file upload00.tsv (TSV, N, CA and C atoms)
chain	number	residue	atom	x	y	z
L	819	MET	N	-4.77	68.78	-52.50
L	819	MET	CA	-3.97	69.16	-53.65
L	819	MET	C	-4.65	70.28	-54.44
L	820	GLU	N	-5.95	70.35	-54.29
L	820	GLU	CA	-6.70	71.40	-54.98
L	820	GLU	C	-6.24	72.79	-54.54
L	821	ILE	N	-5.97	72.96	-53.27
L	821	ILE	CA	-5.49	74.25	-52.77
L	821	ILE	C	-4.11	74.56	-53.36
L	822	THR	N	-3.27	73.55	-53.47
L	822	THR	CA	-1.93	73.73	-54.04
L	822	THR	C	-2.04	74.23	-55.48
L	823	GLU	N	-2.99	73.68	-56.22
L	823	GLU	CA	-3.20	74.11	-57.61
L	823	GLU	C	-3.69	75.56	-57.68
L	824	GLN	N	-4.49	75.97	-56.70
L	824	GLN	CA	-4.93	77.36	-56.64
L	824	GLN	C	-3.75	78.29	-56.34
L	825	VAL	N	-2.88	77.87	-55.44
L	825	VAL	CA	-1.68	78.66	-55.12
L	825	VAL	C	-0.81	78.82	-56.36
L	826	ALA	N	-0.68	77.75	-57.15
L	826	ALA	CA	0.15	77.79	-58.37
L	826	ALA	C	-0.33	78.85	-59.35
L	827	LYS	N	-1.61	79.16	-59.34
L	827	LYS	CA	-2.15	80.16	-60.27
L	827	LYS	C	-1.61	81.56	-59.99
L	828	ARG	N	-1.02	81.76	-58.83
L	828	ARG	CA	-0.42	83.06	-58.49
L	828	ARG	C	0.99	83.22	-59.04
L	829	ALA	N	1.55	82.13	-59.58
L	829	ALA	CA	2.93	82.15	-60.08
L	829	ALA	C	3.11	83.22	-61.15
L	830	THR	N	4.29	83.83	-61.13
L	830	THR	CA	4.59	84.89	-62.10
L	830	THR	C	5.62	84.45	-63.12
L	831	CYS	N	5.93	83.16	-63.16
L	831	CYS	CA	6.86	82.61	-64.14
L	831	CYS	C	6.14	82.43	-65.47
L	832	THR	N	6.81	82.76	-66.56
L	832	THR	CA	6.20	82.62	-67.88
L	832	THR	C	6.29	81.19	-68.41
L	833	ARG	N	7.13	80.36	-67.81
L	833	ARG	CA	7.32	78.98	-68.28
L	833	ARG	C	6.43	77.97	-67.57
L	834	ARG	N	6.37	78.07	-66.25
L	834	ARG	CA	5.63	77.08	-65.46
L	834	ARG	C	4.96	77.76	-64.28
L	835	GLN	N	3.81	77.22	-63.91
L	835	GLN	CA	3.12	77.69	-62.72
L	835	GLN	C	3.13	76.55	-61.71
L	836	VAL	N	3.90	76.73	-60.64
L	836	VAL	CA	4.07	75.69	-59.63
L	836	VAL	C	3.65	76.25	-58.27
L	837	GLY	N	2.97	75.41	-57.50
L	837	GLY	CA	2.57	75.79	-56.15
L	837	GLY	C	3.06	74.77	-55.14
L	838	ALA	N	3.25	75.22	-53.90
L	838	ALA	CA	3.67	74.33	-52.81
L	838	ALA	C	2.98	74.77	-51.53
L	839	ILE	N	2.58	73.78	-50.74
L	839	ILE	CA	1.97	74.04	-49.44
L	839	ILE	C	2.63	73.13	-48.42
L	840	LEU	N	2.96	73.69	-47.27
L	840	LEU	CA	3.52	72.91	-46.17
L	840	LEU	C	2.41	72.68	-45.15
L	841	VAL	N	2.20	71.41	-44.79
L	841	VAL	CA	1.08	71.03	-43.93
L	841	VAL	C	1.57	70.14	-42.79
L	842	LYS	N	1.00	70.37	-41.61
L	842	LYS	CA	1.29	69.50	-40.46
L	842	LYS	C	0.03	69.41	-39.61
L	843	ASP	N	-0.30	68.21	-39.21
L	843	ASP	CA	-1.50	67.98	-38.39
L	843	ASP	C	-2.75	68.60	-39.02
L	844	LYS	N	-2.87	68.44	-40.34
L	844	LYS	CA	-4.03	68.91	-41.12
L	844	LYS	C	-4.17	70.44	-41.12
L	845	ARG	N	-3.06	71.15	-40.83
L	845	ARG	CA	-3.08	72.62	-40.85
L	845	ARG	C	-2.08	73.12	-41.87
L	846	ILE	N	-2.47	74.10	-42.66
L	846	ILE	CA	-1.56	74.72	-43.61
L	846	ILE	C	-0.63	75.64	-42.85
L	847	LEU	N	0.67	75.41	-42.99
L	847	LEU	CA	1.67	76.22	-42.30
L	847	LEU	C	2.17	77.36	-43.17
L	848	ALA	N	2.35	77.08	-44.46
L	848	ALA	CA	2.88	78.10	-45.38
L	848	ALA	C	2.57	77.68	-46.81
L	849	THR	N	2.52	78.67	-47.68
L	849	THR	CA	2.31	78.41	-49.11
L	849	THR	C	3.39	79.13	-49.91
L	850	GLY	N	3.61	78.67	-51.12
L	850	GLY	CA	4.57	79.33	-52.00
L	850	GLY	C	4.27	79.02	-53.44
L	851	TYR	N	4.66	79.92	-54.30
L	851	TYR	CA	4.54	79.71	-55.74
L	851	TYR	C	5.80	80.26	-56.38
L	852	ASN	N	6.06	79.86	-57.61
L	852	ASN	CA	7.30	80.31	-58.24
L	852	ASN	C	7.16	81.71	-58.82
L	853	GLY	N	8.19	82.51	-58.58
L	853	GLY	CA	8.21	83.88	-59.07
L	853	GLY	C	9.42	84.62	-58.52
L	854	VAL	N	9.60	85.84	-58.99
L	854	VAL	CA	10.77	86.63	-58.61
L	854	VAL	C	10.67	87.10	-57.16
L	855	PRO	N	11.80	87.46	-56.55
L	855	PRO	CA	11.78	87.99	-55.18
L	855	PRO	C	10.95	89.28	-55.08
L	856	ALA	N	10.49	89.57	-53.89
L	856	ALA	CA	9.70	90.77	-53.64
L	856	ALA	C	10.43	92.02	-54.13
L	857	GLY	N	9.68	92.89	-54.78
L	857	GLY	CA	10.24	94.15	-55.25
L	857	GLY	C	10.93	94.07	-56.60
L	858	ILE	N	10.99	92.90	-57.20
L	858	ILE	CA	11.64	92.70	-58.50
L	858	ILE	C	10.56	92.65	-59.58
L	859	THR	N	10.84	93.23	-60.73
L	859	THR	CA	9.89	93.22	-61.84
L	859	THR	C	9.61	91.79	-62.28
L	860	HIS	N	8.31	91.46	-62.38
L	860	HIS	CA	7.89	90.11	-62.77
L	860	HIS	C	8.33	89.76	-64.19
L	861	CYS	N	8.56	88.49	-64.40
L	861	CYS	CA	8.97	88.00	-65.73
L	861	CYS	C	7.88	88.25	-66.77
L	862	PHE	N	6.60	88.30	-66.34
L	862	PHE	CA	5.52	88.62	-67.26
L	862	PHE	C	5.76	89.99	-67.90
L	863	GLU	N	6.35	90.90	-67.12
L	863	GLU	CA	6.59	92.26	-67.59
L	863	GLU	C	7.95	92.42	-68.27
L	864	ARG	N	8.95	91.76	-67.73
L	864	ARG	CA	10.33	91.97	-68.19
L	864	ARG	C	10.80	90.92	-69.19
L	865	GLY	N	10.16	89.77	-69.19
L	865	GLY	CA	10.60	88.66	-70.03
L	865	GLY	C	11.41	87.66	-69.22
L	866	CYS	N	11.49	86.47	-69.74
L	866	CYS	CA	12.16	85.37	-69.05
L	866	CYS	C	13.65	85.34	-69.40
L	867	LEU	N	14.50	85.47	-68.39
L	867	LEU	CA	15.95	85.43	-68.59
L	867	LEU	C	16.37	84.11	-69.20
L	868	ARG	N	15.77	83.01	-68.75
L	868	ARG	CA	16.13	81.69	-69.26
L	868	ARG	C	15.80	81.55	-70.75
L	869	GLU	N	14.68	82.10	-71.16
L	869	GLU	CA	14.32	82.07	-72.58
L	869	GLU	C	15.27	82.96	-73.38
L	870	GLN	N	15.60	84.11	-72.83
L	870	GLN	CA	16.52	85.02	-73.51
L	870	GLN	C	17.89	84.39	-73.72
L	871	LEU	N	18.32	83.56	-72.75
L	871	LEU	CA	19.62	82.90	-72.83
L	871	LEU	C	19.55	81.53	-73.51
L	872	GLY	N	18.34	81.09	-73.86
L	872	GLY	CA	18.17	79.80	-74.52
L	872	GLY	C	18.46	78.60	-73.63
L	873	ILE	N	18.15	78.71	-72.35
L	873	ILE	CA	18.43	77.63	-71.39
L	873	ILE	C	17.22	76.69	-71.35
L	874	PRO	N	17.45	75.40	-71.63
L	874	PRO	CA	16.34	74.44	-71.58
L	874	PRO	C	15.84	74.21	-70.15
L	875	SER	N	14.60	73.81	-70.04
L	875	SER	CA	14.02	73.48	-68.75
L	875	SER	C	14.81	72.36	-68.09
L	876	GLY	N	14.99	72.47	-66.78
L	876	GLY	CA	15.69	71.44	-66.03
L	876	GLY	C	17.20	71.60	-65.96
L	877	GLN	N	17.73	72.64	-66.58
L	877	GLN	CA	19.18	72.87	-66.58
L	877	GLN	C	19.49	74.25	-66.01
L	878	GLN	N	20.64	74.37	-65.39
L	878	GLN	CA	21.16	75.64	-64.88
L	878	GLN	C	20.09	76.47	-64.14
L	879	HIS	N	19.53	75.86	-63.10
L	879	HIS	CA	18.48	76.52	-62.32
L	879	HIS	C	18.92	77.87	-61.75
L	880	GLU	N	20.22	78.00	-61.52
L	880	GLU	CA	20.72	79.24	-60.92
L	880	GLU	C	20.59	80.44	-61.86
L	881	LEU	N	20.44	80.20	-63.15
L	881	LEU	CA	20.29	81.29	-64.11
L	881	LEU	C	18.81	81.59	-64.33
L	882	CYS	N	18.20	82.07	-63.26
L	882	CYS	CA	16.78	82.40	-63.28
L	882	CYS	C	16.57	83.52	-62.26
L	883	ARG	N	15.70	84.45	-62.58
L	883	ARG	CA	15.42	85.55	-61.67
L	883	ARG	C	14.45	85.14	-60.56
L	884	GLY	N	13.80	84.00	-60.74
L	884	GLY	CA	12.76	83.58	-59.81
L	884	GLY	C	13.20	82.56	-58.77
L	885	LEU	N	12.34	82.40	-57.80
L	885	LEU	CA	12.47	81.37	-56.77
L	885	LEU	C	11.45	80.29	-57.06
L	886	HIS	N	11.74	79.08	-56.64
L	886	HIS	CA	10.80	77.98	-56.82
L	886	HIS	C	9.75	78.01	-55.72
L	887	ALA	N	8.62	77.38	-55.99
L	887	ALA	CA	7.49	77.38	-55.05
L	887	ALA	C	7.89	76.83	-53.68
L	888	GLU	N	8.66	75.73	-53.69
L	888	GLU	CA	9.08	75.12	-52.43
L	888	GLU	C	9.96	76.08	-51.63
L	889	GLN	N	10.84	76.78	-52.32
L	889	GLN	CA	11.72	77.76	-51.67
L	889	GLN	C	10.89	78.87	-51.04
L	890	ASN	N	9.93	79.39	-51.79
L	890	ASN	CA	9.09	80.47	-51.27
L	890	ASN	C	8.25	80.03	-50.07
L	891	ALA	N	7.76	78.79	-50.08
L	891	ALA	CA	6.98	78.30	-48.94
L	891	ALA	C	7.85	78.24	-47.68
L	892	ILE	N	9.07	77.75	-47.82
L	892	ILE	CA	9.98	77.66	-46.67
L	892	ILE	C	10.36	79.06	-46.19
L	893	ILE	N	10.60	79.97	-47.12
L	893	ILE	CA	10.93	81.36	-46.76
L	893	ILE	C	9.78	82.01	-46.00
L	894	GLN	N	8.55	81.80	-46.47
L	894	GLN	CA	7.39	82.38	-45.78
L	894	GLN	C	7.27	81.85	-44.36
L	895	ALA	N	7.47	80.55	-44.19
L	895	ALA	CA	7.42	79.98	-42.84
L	895	ALA	C	8.49	80.60	-41.96
L	896	ALA	N	9.70	80.73	-42.47
L	896	ALA	CA	10.81	81.29	-41.70
L	896	ALA	C	10.54	82.75	-41.33
L	897	ARG	N	10.04	83.52	-42.27
L	897	ARG	CA	9.77	84.94	-42.01
L	897	ARG	C	8.73	85.15	-40.92
L	898	HIS	N	7.81	84.20	-40.82
L	898	HIS	CA	6.73	84.34	-39.85
L	898	HIS	C	6.93	83.47	-38.60
L	899	GLY	N	8.11	82.87	-38.49
L	899	GLY	CA	8.44	82.08	-37.31
L	899	GLY	C	7.62	80.81	-37.15
L	900	VAL	N	7.24	80.22	-38.27
L	900	VAL	CA	6.42	79.00	-38.23
L	900	VAL	C	7.33	77.78	-38.37
L	901	PRO	N	7.38	76.92	-37.35
L	901	PRO	CA	8.21	75.72	-37.46
L	901	PRO	C	7.61	74.73	-38.46
L	902	ILE	N	8.45	74.19	-39.33
L	902	ILE	CA	7.96	73.29	-40.38
L	902	ILE	C	8.56	71.89	-40.30
L	903	GLU	N	9.45	71.66	-39.36
L	903	GLU	CA	10.08	70.35	-39.24
L	903	GLU	C	9.01	69.28	-39.02
L	904	GLY	N	9.11	68.19	-39.77
L	904	GLY	CA	8.16	67.10	-39.66
L	904	GLY	C	6.90	67.30	-40.47
L	905	SER	N	6.84	68.36	-41.26
L	905	SER	CA	5.64	68.62	-42.06
L	905	SER	C	5.69	67.88	-43.39
L	906	THR	N	4.58	67.96	-44.11
L	906	THR	CA	4.45	67.38	-45.44
L	906	THR	C	4.36	68.51	-46.45
L	907	ALA	N	5.09	68.38	-47.55
L	907	ALA	CA	5.03	69.36	-48.64
L	907	ALA	C	4.14	68.80	-49.74
L	908	TYR	N	3.12	69.56	-50.10
L	908	TYR	CA	2.29	69.23	-51.26
L	908	TYR	C	2.73	70.15	-52.38
L	909	CYS	N	3.12	69.58	-53.51
L	909	CYS	CA	3.67	70.36	-54.62
L	909	CYS	C	2.97	69.97	-55.92
L	910	THR	N	2.73	70.95	-56.77
L	910	THR	CA	2.12	70.62	-58.06
L	910	THR	C	3.11	69.94	-58.99
L	911	ALA	N	4.39	70.06	-58.71
L	911	ALA	CA	5.43	69.39	-59.51
L	911	ALA	C	6.44	68.73	-58.58
L	912	GLN	N	7.00	67.64	-59.04
L	912	GLN	CA	8.06	66.95	-58.29
L	912	GLN	C	9.24	67.91	-58.13
L	913	PRO	N	9.82	68.01	-56.94
L	913	PRO	CA	10.92	68.96	-56.71
L	913	PRO	C	12.18	68.66	-57.52
L	914	CYS	N	12.84	69.73	-57.92
L	914	CYS	CA	14.15	69.63	-58.57
L	914	CYS	C	15.20	69.34	-57.50
L	915	VAL	N	16.43	69.13	-57.90
L	915	VAL	CA	17.49	68.80	-56.94
L	915	VAL	C	17.75	69.95	-55.96
L	916	LEU	N	17.66	71.20	-56.42
L	916	LEU	CA	17.88	72.33	-55.52
L	916	LEU	C	16.83	72.34	-54.41
L	917	CYS	N	15.57	72.18	-54.79
L	917	CYS	CA	14.50	72.19	-53.80
L	917	CYS	C	14.52	70.94	-52.93
L	918	ALA	N	14.90	69.81	-53.51
L	918	ALA	CA	15.00	68.57	-52.73
L	918	ALA	C	15.97	68.76	-51.57
L	919	LYS	N	17.13	69.35	-51.85
L	919	LYS	CA	18.13	69.56	-50.80
L	919	LYS	C	17.61	70.51	-49.72
L	920	ILE	N	16.92	71.54	-50.13
L	920	ILE	CA	16.37	72.51	-49.18
L	920	ILE	C	15.27	71.86	-48.33
L	921	LEU	N	14.41	71.08	-48.97
L	921	LEU	CA	13.33	70.40	-48.24
L	921	LEU	C	13.89	69.41	-47.23
L	922	ILE	N	14.94	68.69	-47.62
L	922	ILE	CA	15.58	67.75	-46.70
L	922	ILE	C	16.10	68.48	-45.47
L	923	ASN	N	16.85	69.54	-45.68
L	923	ASN	CA	17.44	70.27	-44.54
L	923	ASN	C	16.41	71.03	-43.72
L	924	ALA	N	15.26	71.32	-44.31
L	924	ALA	CA	14.18	71.98	-43.56
L	924	ALA	C	13.43	70.98	-42.69
L	925	GLY	N	13.72	69.69	-42.85
L	925	GLY	CA	13.09	68.68	-42.02
L	925	GLY	C	11.73	68.21	-42.53
L	926	ILE	N	11.46	68.43	-43.81
L	926	ILE	CA	10.20	67.97	-44.39
L	926	ILE	C	10.24	66.44	-44.43
L	927	LYS	N	9.20	65.79	-43.92
L	927	LYS	CA	9.23	64.33	-43.82
L	927	LYS	C	8.66	63.64	-45.06
L	928	GLU	N	7.77	64.32	-45.77
L	928	GLU	CA	7.12	63.71	-46.93
L	928	GLU	C	6.82	64.77	-47.98
L	929	ILE	N	6.95	64.38	-49.24
L	929	ILE	CA	6.64	65.27	-50.36
L	929	ILE	C	5.63	64.55	-51.24
L	930	ILE	N	4.50	65.18	-51.46
L	930	ILE	CA	3.46	64.63	-52.32
L	930	ILE	C	3.35	65.57	-53.51
L	931	TYR	N	3.48	65.04	-54.71
L	931	TYR	CA	3.50	65.87	-55.91
L	931	TYR	C	2.54	65.35	-56.97
L	932	CYS	N	2.16	66.23	-57.90
L	932	CYS	CA	1.27	65.86	-59.01
L	932	CYS	C	2.06	65.51	-60.26
L	933	ASP	N	2.75	66.48	-60.81
L	933	ASP	CA	3.44	66.31	-62.09
L	933	ASP	C	4.87	65.84	-61.87
L	934	THR	N	5.29	64.86	-62.68
L	934	THR	CA	6.66	64.36	-62.55
L	934	THR	C	7.64	65.36	-63.16
L	935	TYR	N	8.85	65.32	-62.65
L	935	TYR	CA	9.94	66.16	-63.13
L	935	TYR	C	11.17	65.27	-63.15
L	936	PRO	N	11.76	65.07	-64.31
L	936	PRO	CA	12.84	64.09	-64.44
L	936	PRO	C	14.16	64.55	-63.81
L	937	ASP	N	14.30	64.34	-62.52
L	937	ASP	CA	15.53	64.72	-61.83
L	937	ASP	C	15.95	63.56	-60.94
L	938	GLU	N	16.78	62.68	-61.50
L	938	GLU	CA	17.19	61.47	-60.79
L	938	GLU	C	17.98	61.76	-59.52
L	939	LEU	N	18.82	62.80	-59.55
L	939	LEU	CA	19.60	63.13	-58.37
L	939	LEU	C	18.69	63.56	-57.22
L	940	ALA	N	17.65	64.33	-57.53
L	940	ALA	CA	16.70	64.75	-56.50
L	940	ALA	C	16.05	63.53	-55.86
L	941	GLN	N	15.63	62.58	-56.68
L	941	GLN	CA	15.00	61.36	-56.16
L	941	GLN	C	15.97	60.56	-55.30
L	942	GLU	N	17.21	60.48	-55.76
L	942	GLU	CA	18.24	59.74	-55.02
L	942	GLU	C	18.50	60.37	-53.65
L	943	LEU	N	18.64	61.69	-53.61
L	943	LEU	CA	18.90	62.38	-52.35
L	943	LEU	C	17.73	62.24	-51.38
L	944	LEU	N	16.53	62.38	-51.89
L	944	LEU	CA	15.35	62.25	-51.03
L	944	LEU	C	15.26	60.84	-50.46
L	945	SER	N	15.52	59.85	-51.29
L	945	SER	CA	15.49	58.46	-50.83
L	945	SER	C	16.54	58.21	-49.76
L	946	GLU	N	17.75	58.66	-50.03
L	946	GLU	CA	18.86	58.45	-49.08
L	946	GLU	C	18.60	59.14	-47.74
L	947	SER	N	17.93	60.29	-47.78
L	947	SER	CA	17.66	61.04	-46.55
L	947	SER	C	16.49	60.47	-45.76
L	948	GLY	N	15.74	59.57	-46.38
L	948	GLY	CA	14.57	59.02	-45.71
L	948	GLY	C	13.32	59.85	-45.90
L	949	THR	N	13.39	60.87	-46.74
L	949	THR	CA	12.22	61.70	-47.04
L	949	THR	C	11.33	60.93	-48.01
L	950	ILE	N	10.07	60.80	-47.66
L	950	ILE	CA	9.13	60.06	-48.50
L	950	ILE	C	8.73	60.93	-49.69
L	951	LEU	N	8.81	60.37	-50.89
L	951	LEU	CA	8.41	61.05	-52.13
L	951	LEU	C	7.27	60.23	-52.73
L	952	ARG	N	6.11	60.86	-52.87
L	952	ARG	CA	4.94	60.12	-53.31
L	952	ARG	C	4.17	60.91	-54.36
L	953	GLU	N	3.84	60.22	-55.45
L	953	GLU	CA	3.06	60.86	-56.51
L	953	GLU	C	1.58	60.84	-56.12
L	954	TYR	N	0.93	61.96	-56.29
L	954	TYR	CA	-0.50	62.09	-56.01
L	954	TYR	C	-1.27	61.57	-57.21
L	955	THR	N	-2.20	60.68	-56.96
L	955	THR	CA	-3.03	60.17	-58.06
L	955	THR	C	-4.43	60.75	-57.92
L	956	ARG	N	-4.88	61.29	-59.00
L	956	ARG	CA	-6.20	61.95	-59.01
L	956	ARG	C	-7.31	60.94	-59.12
call {"tool": "encode", "arguments": {"input": "upload00.tsv", "output": "structure tokens"}}
result
Amino acid sequence: MEITEQVAKRATCTRRQVGAILVKDKRILATGYNGVPAGITHCFERGCLREQLGIPSGQQHELCRGLHAEQNAIIQAARHGVPIEGSTAYCTAQPCVLCAKILINAGIKEIIYCDTYPDELAQELLSESGTILREYTR
């Protein structure tokens, strides 16, 4: 989990720094952190759209210029042709419902997270899909 926390430090979001690592057979397959797509001005420089619109955390995820750490990790694996089915996702924060759905369809078998994130639908979907969700205890 220490490596995941280091990855999170690269995040370019002004609200939260989140990191994700996909691991299988004790090998890191891909990493991701939250931030804007490649070639887009970082929120550190331009300001946070969500703050400008007064959107509270945990609501209207689509109104954000950035991608979540889990999304970026899956994208990196796909871009480099790295199969991730059956892997474990280590995340500094519990996934939101958007990321939960993506992780399920990517074939992630287990998600280990540090910080809780109150998203009951995400927990419900992960449970129903058989994806293991486990809090990391330090």
call {"tool": "select_by_dssp", "arguments": {"input": "upload00.tsv", "residues": "range 826-861 of chain L", "states": "strand (DSSP E)", "output": "ChimeraX atom specification"}}
result
/L:837-842,845-851
call {"tool": "closest_residue", "arguments": {"input": "upload00.tsv", "among": "L:Thr934, L:Asn923, L:Thr832, L:Gln824", "to": "Cys866 in chain L", "atoms": "only N, CA and C atoms"}}
result
L:Thr832
call {"tool": "closest_residue", "arguments": {"input": "upload00.tsv", "among": "L:Arg833, L:Thr949, L:Met819, L:Tyr935", "to": "Glu869 in chain L", "atoms": "only C-alpha atoms"}}
result
L:Arg833
call {"tool": "closest_residue", "arguments": {"input": "upload00.tsv", "among": "L:Ser945, L:Cys861, L:Ile920, L:Leu840", "to": "Gly884 in chain L", "atoms": "only N, CA and C atoms"}}
result
L:Cys861
call {"tool": "residues_around", "arguments": {"input": "upload00.tsv", "residues": "Ala891 in chain L", "least_positions_apart": "3", "cutoff": "7 Å", "atoms": "all atoms listed in the file", "output": "list in words"}}
result
Ala838, Ile839, Leu840, Ala848, Thr849, Gly850, Tyr851, His886, Ala887, Glu888, Gln894, Ala895 and Ala896 of chain L
call {"tool": "atom_distance", "arguments": {"input": "upload00.tsv", "atom1": "atom C of Lys927 in chain L", "atom2": "atom C of Glu946 in chain L"}}
result
11.2 Å
call {"tool": "decode", "arguments": {"input": "upload00.tsv", "residues": "range 902-930 of chain L", "atoms": "N, CA and C atoms", "output": "PDB file, in the first residue's frame"}}
result
ATOM      1  N   ILE L 902      -5.340  -7.537 -17.296  1.00  0.00           N
ATOM      2  CA  ILE L 902      -5.533  -7.284 -15.864  1.00  0.00           C
ATOM      3  C   ILE L 902      -6.623  -8.152 -15.245  1.00  0.00           C
ATOM      4  N   GLU L 903      -7.263  -8.984 -16.039  1.00  0.00           N
ATOM      5  CA  GLU L 903      -8.325  -9.832 -15.508  1.00  0.00           C
ATOM      6  C   GLU L 903      -7.774 -10.722 -14.396  1.00  0.00           C
ATOM      7  N   GLY L 904      -8.497 -10.777 -13.282  1.00  0.00           N
ATOM      8  CA  GLY L 904      -8.081 -11.585 -12.144  1.00  0.00           C
ATOM      9  C   GLY L 904      -7.090 -10.903 -11.227  1.00  0.00           C
ATOM     10  N   SER L 905      -6.794  -9.640 -11.483  1.00  0.00           N
ATOM     11  CA  SER L 905      -5.828  -8.927 -10.649  1.00  0.00           C
ATOM     12  C   SER L 905      -6.503  -8.305  -9.426  1.00  0.00           C
ATOM     13  N   THR L 906      -5.674  -7.762  -8.555  1.00  0.00           N
ATOM     14  CA  THR L 906      -6.123  -7.061  -7.356  1.00  0.00           C
ATOM     15  C   THR L 906      -5.823  -5.584  -7.527  1.00  0.00           C
ATOM     16  N   ALA L 907      -6.786  -4.739  -7.169  1.00  0.00           N
ATOM     17  CA  ALA L 907      -6.588  -3.289  -7.201  1.00  0.00           C
ATOM     18  C   ALA L 907      -6.311  -2.807  -5.785  1.00  0.00           C
ATOM     19  N   TYR L 908      -5.195  -2.129  -5.614  1.00  0.00           N
ATOM     20  CA  TYR L 908      -4.877  -1.462  -4.353  1.00  0.00           C
ATOM     21  C   TYR L 908      -5.163   0.014  -4.566  1.00  0.00           C
ATOM     22  N   CYS L 909      -6.015   0.592  -3.729  1.00  0.00           N
ATOM     23  CA  CYS L 909      -6.444   1.980  -3.897  1.00  0.00           C
ATOM     24  C   CYS L 909      -6.310   2.728  -2.579  1.00  0.00           C
ATOM     25  N   THR L 910      -5.903   3.979  -2.657  1.00  0.00           N
ATOM     26  CA  THR L 910      -5.813   4.765  -1.429  1.00  0.00           C
ATOM     27  C   THR L 910      -7.189   5.153  -0.915  1.00  0.00           C
ATOM     28  N   ALA L 911      -8.203   5.084  -1.761  1.00  0.00           N
ATOM     29  CA  ALA L 911      -9.583   5.382  -1.349  1.00  0.00           C
ATOM     30  C   ALA L 911     -10.515   4.309  -1.895  1.00  0.00           C
ATOM     31  N   GLN L 912     -11.571   4.051  -1.167  1.00  0.00           N
ATOM     32  CA  GLN L 912     -12.598   3.107  -1.615  1.00  0.00           C
ATOM     33  C   GLN L 912     -13.201   3.626  -2.913  1.00  0.00           C
ATOM     34  N   PRO L 913     -13.384   2.781  -3.923  1.00  0.00           N
ATOM     35  CA  PRO L 913     -13.894   3.246  -5.219  1.00  0.00           C
ATOM     36  C   PRO L 913     -15.322   3.791  -5.161  1.00  0.00           C
ATOM     37  N   CYS L 914     -15.565   4.798  -5.984  1.00  0.00           N
ATOM     38  CA  CYS L 914     -16.914   5.333  -6.166  1.00  0.00           C
ATOM     39  C   CYS L 914     -17.690   4.371  -7.069  1.00  0.00           C
ATOM     40  N   VAL L 915     -18.963   4.643  -7.283  1.00  0.00           N
ATOM     41  CA  VAL L 915     -19.788   3.742  -8.098  1.00  0.00           C
ATOM     42  C   VAL L 915     -19.302   3.682  -9.550  1.00  0.00           C
ATOM     43  N   LEU L 916     -18.829   4.796 -10.102  1.00  0.00           N
ATOM     44  CA  LEU L 916     -18.328   4.777 -11.483  1.00  0.00           C
ATOM     45  C   LEU L 916     -17.134   3.837 -11.611  1.00  0.00           C
ATOM     46  N   CYS L 917     -16.194   3.963 -10.688  1.00  0.00           N
ATOM     47  CA  CYS L 917     -15.001   3.116 -10.741  1.00  0.00           C
ATOM     48  C   CYS L 917     -15.329   1.675 -10.383  1.00  0.00           C
ATOM     49  N   ALA L 918     -16.265   1.470  -9.469  1.00  0.00           N
ATOM     50  CA  ALA L 918     -16.667   0.106  -9.110  1.00  0.00           C
ATOM     51  C   ALA L 918     -17.167  -0.631 -10.344  1.00  0.00           C
ATOM     52  N   LYS L 919     -18.007   0.014 -11.137  1.00  0.00           N
ATOM     53  CA  LYS L 919     -18.540  -0.626 -12.345  1.00  0.00           C
ATOM     54  C   LYS L 919     -17.431  -0.943 -13.341  1.00  0.00           C
ATOM     55  N   ILE L 920     -16.497  -0.034 -13.493  1.00  0.00           N
ATOM     56  CA  ILE L 920     -15.383  -0.241 -14.419  1.00  0.00           C
ATOM     57  C   ILE L 920     -14.486  -1.379 -13.929  1.00  0.00           C
ATOM     58  N   LEU L 921     -14.196  -1.393 -12.635  1.00  0.00           N
ATOM     59  CA  LEU L 921     -13.356  -2.447 -12.066  1.00  0.00           C
ATOM     60  C   LEU L 921     -14.011  -3.820 -12.216  1.00  0.00           C
ATOM     61  N   ILE L 922     -15.319  -3.876 -12.011  1.00  0.00           N
ATOM     62  CA  ILE L 922     -16.050  -5.136 -12.178  1.00  0.00           C
ATOM     63  C   ILE L 922     -15.901  -5.642 -13.610  1.00  0.00           C
ATOM     64  N   ASN L 923     -16.179  -4.781 -14.579  1.00  0.00           N
ATOM     65  CA  ASN L 923     -16.119  -5.211 -15.984  1.00  0.00           C
ATOM     66  C   ASN L 923     -14.698  -5.464 -16.475  1.00  0.00           C
ATOM     67  N   ALA L 924     -13.714  -4.893 -15.796  1.00  0.00           N
ATOM     68  CA  ALA L 924     -12.315  -5.155 -16.151  1.00  0.00           C
ATOM     69  C   ALA L 924     -11.848  -6.501 -15.602  1.00  0.00           C
ATOM     70  N   GLY L 925     -12.678  -7.134 -14.776  1.00  0.00           N
ATOM     71  CA  GLY L 925     -12.333  -8.445 -14.241  1.00  0.00           C
ATOM     72  C   GLY L 925     -11.460  -8.412 -13.002  1.00  0.00           C
ATOM     73  N   ILE L 926     -11.442  -7.276 -12.308  1.00  0.00           N
ATOM     74  CA  ILE L 926     -10.669  -7.175 -11.070  1.00  0.00           C
ATOM     75  C   ILE L 926     -11.339  -8.062 -10.023  1.00  0.00           C
ATOM     76  N   LYS L 927     -10.575  -8.932  -9.378  1.00  0.00           N
ATOM     77  CA  LYS L 927     -11.178  -9.891  -8.445  1.00  0.00           C
ATOM     78  C   LYS L 927     -11.263  -9.365  -7.020  1.00  0.00           C
ATOM     79  N   GLU L 928     -10.374  -8.440  -6.662  1.00  0.00           N
ATOM     80  CA  GLU L 928     -10.343  -7.932  -5.290  1.00  0.00           C
ATOM     81  C   GLU L 928      -9.894  -6.480  -5.288  1.00  0.00           C
ATOM     82  N   ILE L 929     -10.477  -5.703  -4.380  1.00  0.00           N
ATOM     83  CA  ILE L 929     -10.107  -4.299  -4.214  1.00  0.00           C
ATOM     84  C   ILE L 929      -9.739  -4.098  -2.752  1.00  0.00           C
ATOM     85  N   ILE L 930      -8.531  -3.617  -2.525  1.00  0.00           N
ATOM     86  CA  ILE L 930      -8.064  -3.329  -1.177  1.00  0.00           C
ATOM     87  C   ILE L 930      -7.868  -1.819  -1.102  1.00  0.00           C
TER      88      ILE L 930
END
